[in-house]
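What's in model33.txt: compact mmCIF, C-alpha atoms
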# COMPACT_ATOMS: atom_id res chain seq x y z
CA MET T 13 14.23 57.53 44.70
CA GLY T 14 12.43 57.52 41.29
CA SER T 15 8.89 56.97 42.25
CA VAL T 16 5.56 58.31 41.18
CA VAL T 17 2.31 57.76 43.00
CA THR T 18 -1.34 57.86 41.90
CA LEU T 19 -4.52 58.13 43.93
CA LEU T 20 -7.57 55.87 43.75
CA SER T 21 -10.71 55.67 45.82
CA PHE T 22 -12.70 52.49 46.32
CA LEU T 23 -10.34 49.45 46.47
CA GLY T 24 -10.20 46.25 48.50
CA PHE T 25 -8.08 43.08 49.14
CA ALA T 26 -7.85 39.49 50.78
CA ASN T 27 -5.30 36.72 50.66
CA ILE T 28 -4.98 33.06 49.85
CA GLY T 29 -2.28 30.47 49.55
CA GLN T 30 -0.05 31.77 52.30
CA LEU T 31 3.61 31.01 51.55
CA GLY T 32 5.27 33.23 54.12
CA ASN T 33 5.40 33.78 57.83
CA ALA T 34 2.71 35.73 59.71
CA LEU T 35 3.37 38.08 62.54
CA ASP T 36 1.33 38.10 65.76
CA ASN T 37 0.68 41.43 67.37
CA ALA T 38 -0.36 42.44 70.85
CA LEU T 39 -3.15 44.52 69.38
CA GLY T 40 -5.20 41.50 68.35
CA GLY T 41 -2.64 39.43 66.55
CA GLY T 42 -3.20 37.70 63.29
CA SER T 43 -1.43 35.65 60.73
CA ALA T 44 -0.58 36.68 57.24
CA SER T 45 -3.80 35.82 55.53
CA SER T 46 -7.17 34.16 55.49
CA SER T 47 -7.70 31.00 53.50
CA ALA T 48 -10.95 31.94 51.80
CA GLU T 49 -11.19 34.17 48.75
CA PRO T 50 -14.39 36.16 48.18
CA SER T 51 -15.69 36.53 44.65
CA ARG T 52 -13.81 39.11 42.62
CA ALA T 53 -15.35 42.43 41.73
CA SER T 54 -14.68 45.46 39.59
CA VAL T 55 -13.09 48.56 41.11
CA SER T 56 -15.28 50.96 39.14
CA SER T 57 -17.66 53.20 41.05
CA GLU T 58 -20.15 55.84 40.05
CA ASP T 59 -19.33 57.85 43.16
CA ASP T 60 -15.55 57.49 43.31
CA GLU T 61 -13.88 57.33 39.93
CA PRO T 62 -10.13 56.55 39.86
CA SER T 63 -7.90 59.58 39.60
CA ALA T 64 -5.05 60.03 37.15
CA THR T 65 -3.40 62.59 39.40
CA TYR T 66 0.17 61.80 40.41
CA ARG T 67 1.78 62.68 43.71
CA PRO T 68 5.31 64.13 43.81
CA THR T 69 8.20 61.73 43.40
CA ARG T 70 9.80 60.61 46.64
CA THR T 71 13.26 62.16 46.71
CA SER T 72 14.90 61.38 50.04
CA THR T 73 15.14 58.89 52.88
CA THR T 74 16.55 58.98 56.38
CA ARG T 75 17.29 55.27 56.38
CA PRO T 76 20.85 53.96 56.05
CA THR T 77 22.05 53.56 52.47
CA LYS T 78 23.49 50.41 50.91
CA THR T 79 26.24 50.02 48.35
CA ALA T 80 24.25 47.42 46.36
CA SER T 81 21.59 48.99 44.15
CA PRO T 82 17.99 47.76 44.34
CA ASP T 83 17.42 49.11 40.82
CA ASP T 84 18.30 45.80 39.17
CA SER T 85 18.00 42.12 40.11
CA ALA T 86 21.71 41.63 39.37
CA THR T 87 22.73 44.12 42.06
CA ASP T 88 19.82 44.02 44.50
CA GLU T 89 20.71 42.27 47.76
CA THR T 90 17.34 42.87 49.43
CA PRO T 91 15.78 39.62 50.71
CA PHE T 92 12.25 39.16 49.40
CA THR T 93 10.76 38.98 52.88
CA ALA T 94 8.36 41.04 54.96
CA ASP T 95 11.07 41.92 57.48
CA ALA T 96 13.29 43.31 54.72
CA LEU T 97 10.63 45.21 52.77
CA LEU T 98 8.08 46.31 55.39
CA PRO T 99 8.60 48.54 58.42
CA ASP T 100 7.43 47.31 61.81
CA ASP T 101 5.42 50.51 62.13
CA PHE T 102 4.93 53.90 60.53
CA GLU T 103 3.25 57.23 61.20
CA ASP T 104 1.02 59.21 58.85
CA GLU T 105 1.16 62.97 58.26
CA ARG T 106 -1.35 63.54 61.05
CA GLY T 107 0.88 61.79 63.58
CA VAL T 108 -1.28 58.66 63.78
CA GLY T 109 0.79 55.50 64.31
CA TYR T 110 0.26 52.11 62.65
CA THR T 111 1.77 48.75 63.66
CA ARG T 112 2.32 45.68 61.47
CA VAL T 113 0.16 42.79 62.69
CA ALA T 114 0.45 40.28 59.84
CA SER T 115 2.57 39.59 56.77
CA GLY T 116 3.49 36.93 54.25
CA VAL T 117 4.71 36.05 50.75
CA HIS T 118 2.11 35.01 48.19
CA GLY T 119 1.42 34.51 44.50
CA CYS T 120 1.65 37.77 42.59
CA THR T 121 -1.92 37.73 41.27
CA ASP T 122 -3.60 35.85 44.14
CA ALA T 123 -5.06 38.84 45.97
CA SER T 124 -8.80 38.64 46.25
CA HIS T 125 -10.69 41.19 44.14
CA MET T 126 -7.67 41.98 42.00
CA SER T 127 -9.10 43.35 38.76
CA ASP T 128 -8.53 41.52 35.48
CA ASN T 129 -6.48 44.32 33.93
CA VAL T 130 -4.03 44.29 36.84
CA GLN T 131 -3.73 40.51 36.64
CA ARG T 132 -3.03 40.69 32.91
CA GLU T 133 -0.32 43.32 33.29
CA LEU T 134 1.43 41.52 36.13
CA ARG T 135 1.38 38.20 34.29
CA SER T 136 2.64 39.77 31.07
CA TYR T 137 5.79 40.78 32.97
CA ASP T 138 6.21 37.31 34.51
CA CYS T 139 5.46 38.51 38.03
CA ASP T 140 5.86 35.64 40.48
CA LEU T 141 5.49 36.69 44.11
CA THR T 142 4.33 39.56 46.30
CA VAL T 143 5.19 40.43 49.90
CA THR T 144 2.05 41.45 51.78
CA GLY T 145 1.43 43.10 55.12
CA ASN T 146 -1.33 44.42 57.35
CA TYR T 147 -1.15 47.41 59.68
CA LEU T 148 -3.58 48.62 62.32
CA LYS T 149 -3.69 51.74 64.43
CA SER T 150 -1.27 51.52 67.33
CA GLY T 151 -2.68 51.29 70.85
CA ASP T 152 -6.11 50.46 72.18
CA VAL T 153 -8.50 51.66 69.48
CA SER T 154 -12.27 51.25 69.23
CA GLU T 155 -13.64 49.56 66.12
CA ASP T 156 -15.39 52.74 65.03
CA ALA T 157 -12.03 54.55 64.90
CA ASP T 158 -9.80 51.70 63.72
CA VAL T 159 -8.21 51.67 60.26
CA LEU T 160 -6.70 48.68 58.47
CA VAL T 161 -3.90 49.28 55.97
CA SER T 162 -2.99 46.46 53.60
CA VAL T 163 0.18 46.65 51.50
CA GLN T 164 1.92 44.76 48.71
CA VAL T 165 5.49 44.89 47.41
CA ILE T 166 5.95 43.23 44.00
CA ARG T 167 9.40 42.73 42.45
CA PHE T 168 10.49 42.93 38.82
CA ASP T 169 13.81 42.59 36.99
CA ASP T 170 14.71 46.26 37.03
CA MET T 171 13.43 49.76 37.77
CA SER T 172 12.40 50.49 34.18
CA THR T 173 10.14 47.43 34.23
CA ALA T 174 8.57 48.40 37.55
CA LYS T 175 7.89 51.89 36.21
CA ALA T 176 6.36 50.49 33.02
CA VAL T 177 4.09 48.12 34.94
CA LYS T 178 2.84 50.88 37.22
CA GLU T 179 2.22 53.31 34.37
CA ARG T 180 0.47 50.75 32.15
CA ILE T 181 -1.86 49.80 35.00
CA VAL T 182 -2.87 53.33 35.98
CA ALA T 183 -3.27 54.29 32.32
CA ASP T 184 -6.33 52.01 32.24
CA GLY T 185 -8.08 54.39 34.62
CA SER T 186 -9.92 51.70 36.59
CA TRP T 187 -7.70 49.27 38.49
CA ASP T 188 -7.71 47.19 41.65
CA PHE T 189 -4.67 45.47 43.16
CA GLY T 190 -6.90 43.54 45.55
CA ILE T 191 -6.74 43.15 49.31
CA TRP T 192 -5.05 40.86 51.85
CA CYS T 193 -6.25 40.57 55.46
CA PRO T 194 -5.16 38.99 58.75
CA ASN T 195 -6.49 35.51 59.46
CA ARG T 196 -7.93 36.59 62.78
CA GLY T 197 -8.41 39.54 65.07
CA ARG T 198 -8.94 43.16 64.15
CA GLY T 199 -9.40 43.67 60.43
CA SER T 200 -9.93 40.00 59.57
CA ASP T 201 -13.50 40.65 58.38
CA ALA T 202 -12.53 43.46 56.02
CA CYS T 203 -11.79 41.17 53.10
CA ASP T 204 -15.30 39.74 53.05
CA GLY T 205 -16.95 43.12 53.35
CA TYR T 206 -14.62 45.43 51.43
CA GLU T 207 -17.25 46.12 48.78
CA ARG T 208 -19.32 47.87 51.44
CA ALA T 209 -16.46 50.07 52.62
CA ARG T 210 -15.01 53.31 51.36
CA THR T 211 -11.32 52.75 50.57
CA GLU T 212 -8.32 54.87 49.62
CA SER T 213 -5.50 53.37 47.56
CA TYR T 214 -2.08 54.34 46.20
CA VAL T 215 0.33 52.60 43.83
CA SER T 216 3.89 53.58 42.99
CA TYR T 217 7.22 52.11 41.95
CA ASP T 218 10.27 52.08 44.21
CA HIS T 219 13.48 51.01 42.46
CA ARG T 220 12.61 47.60 40.90
CA TYR T 221 9.50 47.16 43.03
CA VAL T 222 5.87 48.12 42.49
CA VAL T 223 4.34 49.10 45.83
CA HIS T 224 0.66 49.35 46.71
CA ALA T 225 -1.33 50.31 49.80
CA VAL T 226 -5.06 50.43 50.52
CA ALA T 227 -6.77 51.64 53.70
CA LEU T 228 -10.29 51.24 55.06
CA TYR T 229 -12.10 51.33 58.38
CA VAL T 230 -12.38 47.91 60.03
CA ASN T 231 -16.09 48.55 60.63
CA LEU T 232 -16.42 48.85 56.82
CA SER T 233 -17.75 52.40 56.95
CA SER T 234 -18.80 53.82 53.60
CA SER T 235 -19.07 57.39 54.84
CA PRO T 236 -17.15 60.06 52.89
CA SER T 237 -15.99 61.37 56.27
CA THR T 238 -13.62 58.40 56.54
CA GLU T 239 -11.51 59.68 53.64
CA THR T 240 -9.27 61.92 55.75
CA ALA T 241 -7.99 59.06 57.90
CA THR T 242 -7.78 56.39 55.22
CA ASP T 243 -6.13 58.64 52.65
CA ALA T 244 -3.43 59.71 55.11
CA ALA T 245 -2.82 56.10 56.15
CA ALA T 246 -2.53 54.70 52.61
CA ASP T 247 -0.37 57.59 51.45
CA ALA T 248 2.07 57.12 54.33
CA ALA T 249 2.16 53.34 53.91
CA VAL T 250 3.02 53.36 50.21
CA THR T 251 5.88 55.75 51.00
CA GLU T 252 7.26 53.67 53.85
CA ILE T 253 7.24 50.19 52.28
CA GLY T 254 10.01 49.05 49.95
CA PRO T 255 13.72 48.14 49.85
CA GLU T 256 14.84 51.14 51.94
CA ASN T 257 13.74 49.14 55.00
CA TYR T 258 16.62 46.72 54.43
CA THR T 259 19.94 48.07 55.70
CA GLY T 260 22.06 45.07 54.78
CA GLU T 261 22.45 43.96 58.39
If you took the structure in this file and wrote it as structure tokens, what would it be?
Amino acid sequence: MGSVVTLLSFLGFANIGQLGNALDNALGGGSASSSAEPSRASVSSEDDEPSATYRPTRTSTTRPTKTASPDDSATDETPFTADALLPDDFEDERGVGYTRVASGVHGCTDASHMSDNVQRELRSYDCDLTVTGNYLKSGDVSEDADVLVSVQVIRFDDMSTAKAVKERIVADGSWDFGIWCPNRGRGSDACDGYERARTESYVSYDHRYVVHAVALYVNLSSSPSTETATDAAADAAVTEIGPENYTGE
């Protein structure tokens, strides 16, 4: 699928202006977003500088294929909804499962703590909306072991535009797509305290969509030891979200 991914440490995000539907989950539930937006902050960090390293392009999928191409708005039949663009759950490379607990559709640049350079790039390409979602570890998990994964899927006119947006943003070196959180339940406090937490973040493009995922511990741990879990979660999430989740049914 033509997609290139880059790694960043130290990111966060929250939501406002909910336009879409939220999902409740048996693991604590939650709606798509909270209504309050914390003050915005820079993503730069003396300890965790953004990386310009790219991960390998995603090349295959086991999901059913569609005849309509999501490479261009003229041929893309994917509804711009959480159910079409986000999986109900996913598993990271370590075998840890995550379940979607909240989702929605929001303004493209409305994420809390989205850095100015990301806002400028998105607006320069007339970005309008973003599909957002929140995932938590599946099952009964203690707060000290729980990880929140927040994702965004942003649409553009065609694949070349999505690629250009992604590459222009990461070329700046320091970027922050922001964070969205559930209104209530597990992970709902992460948006207010993200600046205290160690985060792992990935951004890529998937057909005509820019996709982003950030992961952090719900207890807002800043320990470097959290990197193994949050990196695996964010990496898996950014690979799983996107138009491949829509089968046309």
Do you have, as a tab-separated table, the list of residues of range 76-123 of chain T lying at most 8 Å from range 235-245 of chain T, each with its nearest atom pair and that distance in Å to one decimal, counting only C-alpha atoms and ordered by chain then number?
residue	atom	partner	partner_atom	distance
T:Glu103	CA	T:Ala245	CA	8.0
T:Asp104	CA	T:Ala245	CA	5.6
T:Glu105	CA	T:Ala244	CA	6.5
T:Arg106	CA	T:Ala244	CA	7.4
Could you list, with a cut-off of 9 Å and counting only C-alpha atoms, the residues of range 142-218 of chain T near range 95-100 of chain T, each shown with its nearest atom pair and the distance in Å rounded to one decimal, rows sorted by chain and ascending number, as a tab-separated table?
residue	atom	partner	partner_atom	distance
T:Val143	CA	T:Leu97	CA	7.8
T:Thr144	CA	T:Leu98	CA	8.5
T:Gly145	CA	T:Leu98	CA	7.4
T:Tyr147	CA	T:Asp100	CA	8.8
T:Val163	CA	T:Leu98	CA	8.8
T:Val165	CA	T:Leu97	CA	7.4
### Task
With a distance cut-off of 7 Å and only C-alpha atoms, select the neighbouring residues of Trp187 in chain T, excluding the residue or stretch itself and same-chain residues fewer than 4 positions from it, and output the selection as a list in words.
Val55, Ser127, Asn129, Val130, Ile181 and Val182 of chain T
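Distance-wise, CA of Ser150 in chain T and CA of Val113 in chain T end up 10.0 Å apart.
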#### Entry: Minimum-distance residue to Ala225 in chain T, chosen among T:Glu252, T:Glu207, T:Asp201, T:Asp140 (using all atoms listed in the file)
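For Ala225 in chain T, the nearest of the candidates is T:Glu252.
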#### Entry: Atom pair CA of Gly119 in chain T / CA of Arg208 in chain T: separation (Å)
25.6 Å
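CA of Asn257 in chain T sits 28.0 Å away from CA of Ser136 in chain T.
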### Query
For Asp101 in chain T, which residue among T:Val250, T:Leu148, T:Val177, T:Ala123 is the nearest when counting only C-alpha atoms?
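Nearest to Asp101 in chain T: T:Leu148.
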### Task
Would you mind telling me which residue in T:Val230, T:Ile166, T:Ala183, T:Leu141 lies nearest to Pro255 in chain T when using all atoms listed in the file?
T:Ile166
Quick one: what's the axis-aligned box for range 250-254 of chain T, all listed atoms, 8 Å on every side, centre and edges in Å to one decimal, as JSON?
{"center_x": 6.5, "center_y": 52.4, "center_z": 51.9, "size_x": 23.0, "size_y": 22.7, "size_z": 19.9}
### Task
Would you please work out which residue, of T:Thr173, T:Thr142, T:Tyr229, T:His219, is nearest to Thr93 in chain T when using all atoms listed in the file?
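Selected residue with least distance to Thr93 in chain T: T:Thr142.
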### Pick from T:Gly260, T:Ala157, T:Ser200, T:Asn146 nearest to Ala246 in chain T, counting all atoms listed in the file
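Among the listed residues, the smallest separation from Ala246 in chain T belongs to T:Asn146.
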### Residue nearest Asp169 in chain T - candidates T:Asp218, T:Asp188, T:Glu256, T:Asp83, atoms counted: only C-alpha atoms
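Looking at the shortest contact to Asp169 in chain T, the residue is T:Asp83.
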